[in-house]
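This is input-v2.pdb (PDB, C-alpha atoms and all ligand atoms).
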```pdb
ATOM      1  CA  MET A   1      -9.323   3.890 -21.811
ATOM      2  CA  PHE A   2      -5.806   2.856 -20.865
ATOM      3  CA  ASP A   3      -4.750  -0.641 -21.835
ATOM      4  CA  THR A   4      -5.054  -2.614 -18.598
ATOM      5  CA  GLY A   5      -1.910  -4.529 -19.603
ATOM      6  CA  ILE A   6       0.288  -1.547 -18.755
ATOM      7  CA  LYS A   7       2.280  -1.394 -15.559
ATOM      8  CA  VAL A   8       1.247   1.380 -13.173
ATOM      9  CA  LEU A   9       3.834   3.117 -11.019
ATOM     10  CA  VAL A  10       2.142   3.981  -7.712
ATOM     11  CA  VAL A  11       3.985   6.497  -5.545
ATOM     12  CA  ASP A  12       2.856   7.442  -2.039
ATOM     13  CA  ASP A  13       4.622   7.677   1.301
ATOM     14  CA  MET A  14       1.642   5.997   3.002
ATOM     15  CA  ALA A  15       1.535   2.248   2.448
ATOM     16  CA  THR A  16      -2.212   2.261   3.156
ATOM     17  CA  MET A  17      -2.824   4.738   0.354
ATOM     18  CA  ARG A  18      -0.701   2.694  -2.074
ATOM     19  CA  LYS A  19      -2.809  -0.344  -1.179
ATOM     20  CA  ILE A  20      -6.041   1.587  -1.786
ATOM     21  CA  VAL A  21      -4.817   2.848  -5.169
ATOM     22  CA  ILE A  22      -3.672  -0.614  -6.248
ATOM     23  CA  LYS A  23      -6.856  -2.301  -5.017
ATOM     24  CA  SER A  24      -8.932   0.239  -6.937
ATOM     25  CA  LEU A  25      -6.848  -0.231 -10.079
ATOM     26  CA  ARG A  26      -7.243  -4.006  -9.763
ATOM     27  CA  GLU A  27     -11.002  -3.548  -9.695
ATOM     28  CA  LEU A  28     -10.655  -1.720 -13.009
ATOM     29  CA  GLY A  29      -8.670  -4.597 -14.495
ATOM     30  CA  PHE A  30      -5.067  -3.505 -14.048
ATOM     31  CA  GLU A  31      -2.707  -6.238 -12.892
ATOM     32  CA  GLU A  32       0.841  -4.933 -12.924
ATOM     33  CA  PHE A  33       2.203  -2.427 -10.458
ATOM     34  CA  MET A  34       5.374  -0.982  -9.025
ATOM     35  CA  GLU A  35       4.950   0.770  -5.701
ATOM     36  CA  VAL A  36       7.383   3.083  -3.970
ATOM     37  CA  ALA A  37       7.314   5.582  -1.105
ATOM     38  CA  ASP A  38       8.723   8.771  -2.644
ATOM     39  CA  GLY A  39       9.695  10.493  -5.863
ATOM     40  CA  GLY A  40      13.380   9.649  -5.533
ATOM     41  CA  LEU A  41      12.693   5.938  -5.224
ATOM     42  CA  ALA A  42      10.174   6.205  -8.051
ATOM     43  CA  TRP A  43      12.808   7.734 -10.315
ATOM     44  CA  ASP A  44      15.297   4.970  -9.421
ATOM     45  CA  ARG A  45      12.767   2.197 -10.073
ATOM     46  CA  LEU A  46      11.733   3.737 -13.351
ATOM     47  CA  LYS A  47      15.339   3.931 -14.523
ATOM     48  CA  GLU A  48      15.956   0.334 -13.416
ATOM     49  CA  SER A  49      12.943  -1.215 -15.118
ATOM     50  CA  PRO A  50      11.046   1.131 -17.390
ATOM     51  CA  GLU A  51       9.473  -1.777 -19.306
ATOM     52  CA  ASN A  52       5.738  -1.527 -19.717
ATOM     53  CA  VAL A  53       5.288   1.370 -17.311
ATOM     54  CA  GLY A  54       2.450   3.248 -18.937
ATOM     55  CA  LEU A  55       1.055   5.394 -16.153
ATOM     56  CA  ILE A  56       2.220   7.134 -13.002
ATOM     57  CA  ILE A  57      -0.126   7.802 -10.095
ATOM     58  CA  CYS A  58       1.734   9.873  -7.552
ATOM     59  CA  ASP A  59       1.040  11.519  -4.218
ATOM     60  CA  TRP A  60       1.906  15.189  -3.842
ATOM     61  CA  ASN A  61       3.137  15.414  -0.281
ATOM     62  CA  MET A  62       6.028  13.022   0.381
ATOM     63  CA  PRO A  63       9.371  13.236   2.171
ATOM     64  CA  ASN A  64      12.649  13.439   0.208
ATOM     65  CA  VAL A  65      11.338  13.970  -3.317
ATOM     66  CA  THR A  66       7.759  15.279  -3.526
ATOM     67  CA  GLY A  67       5.217  14.577  -6.227
ATOM     68  CA  ILE A  68       5.707  17.918  -7.939
ATOM     69  CA  GLU A  69       9.502  17.525  -7.891
ATOM     70  CA  PHE A  70       9.187  14.048  -9.380
ATOM     71  CA  LEU A  71       6.744  15.366 -11.999
ATOM     72  CA  LYS A  72       9.216  18.076 -13.048
ATOM     73  CA  LYS A  73      11.982  15.508 -13.299
ATOM     74  CA  ILE A  74       9.796  13.269 -15.476
ATOM     75  CA  ARG A  75       8.760  16.098 -17.776
ATOM     76  CA  ALA A  76      12.391  17.198 -18.170
ATOM     77  CA  SER A  77      13.628  13.706 -19.012
ATOM     78  CA  GLN A  78      14.095  12.451 -22.520
ATOM     79  CA  ASP A  79      13.002   8.887 -21.812
ATOM     80  CA  PHE A  80       9.915   9.447 -19.696
ATOM     81  CA  ASN A  81       8.490  12.850 -20.585
ATOM     82  CA  GLN A  82       5.533  11.307 -22.434
ATOM     83  CA  LEU A  83       4.393   9.167 -19.502
ATOM     84  CA  PRO A  84       0.872   9.951 -18.308
ATOM     85  CA  PHE A  85       1.133  11.441 -14.828
ATOM     86  CA  ILE A  86      -1.765  11.725 -12.365
ATOM     87  CA  LEU A  87      -1.230  13.491  -9.075
ATOM     88  CA  LEU A  88      -2.978  12.487  -5.852
ATOM     89  CA  THR A  89      -3.700  15.505  -3.712
ATOM     90  CA  ALA A  90      -5.267  16.240  -0.373
ATOM     91  CA  GLU A  91      -8.197  18.653  -0.341
ATOM     92  CA  SER A  92      -5.931  21.288   1.230
ATOM     93  CA  GLU A  93      -3.523  21.108  -1.709
ATOM     94  CA  VAL A  94      -6.081  21.764  -4.454
ATOM     95  CA  SER A  95      -5.118  25.440  -4.560
ATOM     96  CA  GLN A  96      -1.616  24.359  -5.585
ATOM     97  CA  VAL A  97      -2.841  22.322  -8.531
ATOM     98  CA  LYS A  98      -2.155  25.226 -10.906
ATOM     99  CA  GLU A  99       1.548  24.725 -10.269
ATOM    100  CA  ALA A 100       1.213  21.043 -11.189
ATOM    101  CA  LEU A 101      -0.722  21.860 -14.367
ATOM    102  CA  GLU A 102       1.994  24.293 -15.385
ATOM    103  CA  ALA A 103       4.557  21.582 -14.706
ATOM    104  CA  GLY A 104       2.739  19.270 -17.115
ATOM    105  CA  VAL A 105       0.591  17.024 -14.954
ATOM    106  CA  ASP A 106      -2.124  15.253 -16.970
ATOM    107  CA  ASN A 107      -4.721  15.105 -14.241
ATOM    108  CA  TYR A 108      -5.220  15.047 -10.495
ATOM    109  CA  ILE A 109      -7.366  13.142  -8.038
ATOM    110  CA  VAL A 110      -8.412  14.499  -4.674
ATOM    111  CA  LYS A 111      -8.163  12.028  -1.793
ATOM    112  CA  PRO A 112     -10.227  10.247  -0.645
ATOM    113  CA  PHE A 113     -11.636   8.897  -3.915
ATOM    114  CA  THR A 114     -13.919   6.078  -5.055
ATOM    115  CA  VAL A 115     -13.250   3.481  -7.748
ATOM    116  CA  GLU A 116     -15.828   5.303  -9.899
ATOM    117  CA  ILE A 117     -13.924   8.581  -9.580
ATOM    118  CA  LEU A 118     -10.648   6.849 -10.394
ATOM    119  CA  LYS A 119     -12.247   5.254 -13.455
ATOM    120  CA  ARG A 120     -13.597   8.595 -14.679
ATOM    121  CA  LYS A 121     -10.263  10.329 -14.097
ATOM    122  CA  LEU A 122      -8.448   7.598 -16.031
ATOM    123  CA  GLN A 123     -10.927   7.910 -18.901
ATOM    124  CA  ASP A 124     -10.591  11.711 -18.943
ATOM    125  CA  THR A 125      -6.806  11.491 -18.836
ATOM    126  CA  TYR A 126      -6.688   8.981 -21.672
ATOM    127  CA  LYS A 127      -8.962  11.134 -23.827
ATOM    128  CA  LYS A 128      -6.899  14.230 -23.108
ATOM    129  CA  ILE A 129      -3.696  12.470 -24.177
ATOM    130  CA  ASN A 130      -5.263  10.698 -27.175
ATOM    131  CA  PRO A 131      -7.774  13.199 -28.559
TER     132      PRO A 131
HETATM  133 MG    MG B 201       1.759  11.807   1.366
END
```

Full structure transcribed into structure tokens:
Amino acid sequence: MFDTGIKVLVVDDMATMRKIVIKSLRELGFEEFMEVADGGLAWDRLKESPENVGLIICDWNMPNVTGIEFLKKIRASQDFNQLPFILLTAESEVSQVKEALEAGVDNYIVKPFTVEILKRKLQDTYKKINP
């Protein structure tokens, strides 16, 4: 499982969803977060203070810079291309997940989700990255 001492970058244009993600992560023991509303802001924050960021959980559908655009930027960057990246998708976007997998996403979670699902997804993602 991920070290709960890492900082999690939570990206979603809906403040309510960011709160749900962070609350769920807190229940799993995580304590440090950065939250932003779109992929452009996420990129800026990451460049500003990359320290300890060990996981990105990012919504797909956002204004300005979408989740998939942000993912592609991360995977193309020298400094952040190894960062675990989990995409949050709506049920209606599941058919597009192939595009995200091809772009190098590590996993995805369909909204709405439970803490149990989040936990399992985090475990799966960690195992996939550290076989
Ligand atoms: Mg959204």

Check your understanding: Can you list, as a PyMOL selection string, the residues that the PyMOL selection byres (((not hetatm)) within 6 of (chain B and resi 201)) selects here?
Key -> chain A and resi 12-13+59+61-62

Study note, to complete from the structure: Atom pair CA of Thr4 in chain A + CA of Gly54 in chain A, distance 9.5 Å

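Nearest to Leu55 in chain A of all the residues A:Leu87, A:Ala37, A:Ala76, A:Leu28 is A:Leu87, based on only C-alpha atoms.
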
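Going from CA of Glu31 in chain A over to CA of Lys19 in chain A, you cover 13.1 Å.
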
**Study point:** Long-range neighbours of range 33-36 of chain A as a PyMOL selection string, 12 Å cut-off, all atoms listed in the file, 2 positions minimum in chain
**Key:** chain A and resi 4-26+29-31+38-46+48-59+62+65+67

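Comparing A:Asp106, A:Glu99, A:Glu32, A:Glu69 by their smallest distance to Asn130 in chain A, the closest is A:Asp106 (using only C-alpha atoms).
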
For range 121-130 of chain A, what centre and edge lengths in Å (one decimal) does the axis-aligned box get once 8 Å is added on each side of all its listed atoms, as lines of an AutoDock Vina configuration file?
```
center_x = -7.3
center_y = 10.9
center_z = -20.6
size_x = 23.2
size_y = 22.6
size_z = 29.1
```

As a CSV table (one decimal), in the coordinates of the input, please: range 58-81 of chain A completed to N, CA and C atoms.
```
chain,number,residue,atom,x,y,z
A,58,CYS,N,0.8,9.4,-8.5
A,58,CYS,CA,1.7,9.9,-7.6
A,58,CYS,C,1.1,10.9,-6.6
A,59,ASP,N,1.4,10.6,-5.3
A,59,ASP,CA,1.0,11.5,-4.2
A,59,ASP,C,1.8,12.8,-4.3
A,60,TRP,N,1.2,13.9,-3.8
A,60,TRP,CA,1.9,15.2,-3.8
A,60,TRP,C,2.9,15.3,-2.7
A,61,ASN,N,2.4,15.1,-1.5
A,61,ASN,CA,3.1,15.4,-0.3
A,61,ASN,C,3.9,14.2,0.2
A,62,MET,N,5.2,14.2,0.0
A,62,MET,CA,6.0,13.0,0.4
A,62,MET,C,7.4,13.6,0.9
A,63,PRO,N,8.0,12.8,1.8
A,63,PRO,CA,9.4,13.2,2.2
A,63,PRO,C,10.4,13.0,1.0
A,64,ASN,N,11.5,13.6,1.2
A,64,ASN,CA,12.6,13.4,0.2
A,64,ASN,C,12.3,14.1,-1.1
A,65,VAL,N,11.7,13.4,-2.0
A,65,VAL,CA,11.3,14.0,-3.3
A,65,VAL,C,9.8,14.0,-3.4
A,66,THR,N,9.2,15.2,-3.5
A,66,THR,CA,7.8,15.3,-3.5
A,66,THR,C,7.2,14.9,-4.9
A,67,GLY,N,5.9,14.9,-5.0
A,67,GLY,CA,5.2,14.6,-6.2
A,67,GLY,C,5.5,15.6,-7.3
A,68,ILE,N,5.5,16.9,-6.9
A,68,ILE,CA,5.7,17.9,-7.9
A,68,ILE,C,7.2,17.9,-8.4
A,69,GLU,N,8.1,17.6,-7.5
A,69,GLU,CA,9.5,17.5,-7.9
A,69,GLU,C,9.7,16.3,-8.8
A,70,PHE,N,9.1,15.2,-8.5
A,70,PHE,CA,9.2,14.0,-9.4
A,70,PHE,C,8.6,14.3,-10.8
A,71,LEU,N,7.4,15.0,-10.7
A,71,LEU,CA,6.7,15.4,-12.0
A,71,LEU,C,7.7,16.2,-12.9
A,72,LYS,N,8.3,17.2,-12.3
A,72,LYS,CA,9.2,18.1,-13.0
A,72,LYS,C,10.4,17.3,-13.6
A,73,LYS,N,10.9,16.3,-12.8
A,73,LYS,CA,12.0,15.5,-13.3
A,73,LYS,C,11.6,14.6,-14.5
A,74,ILE,N,10.3,14.1,-14.4
A,74,ILE,CA,9.8,13.3,-15.5
A,74,ILE,C,9.6,14.1,-16.7
A,75,ARG,N,9.0,15.3,-16.6
A,75,ARG,CA,8.8,16.1,-17.8
A,75,ARG,C,10.0,16.6,-18.4
A,76,ALA,N,11.1,16.7,-17.6
A,76,ALA,CA,12.4,17.2,-18.2
A,76,ALA,C,13.2,16.1,-18.8
A,77,SER,N,12.8,14.8,-18.6
A,77,SER,CA,13.6,13.7,-19.0
A,77,SER,C,13.3,13.3,-20.4
A,78,GLN,N,14.3,12.8,-21.1
A,78,GLN,CA,14.1,12.5,-22.5
A,78,GLN,C,13.3,11.1,-22.6
A,79,ASP,N,13.6,10.2,-21.7
A,79,ASP,CA,13.0,8.9,-21.8
A,79,ASP,C,11.6,8.8,-21.3
A,80,PHE,N,11.2,9.6,-20.4
A,80,PHE,CA,9.9,9.4,-19.7
A,80,PHE,C,9.0,10.6,-19.8
A,81,ASN,N,9.3,11.6,-20.6
A,81,ASN,CA,8.5,12.8,-20.6
A,81,ASN,C,7.1,12.7,-21.2
```
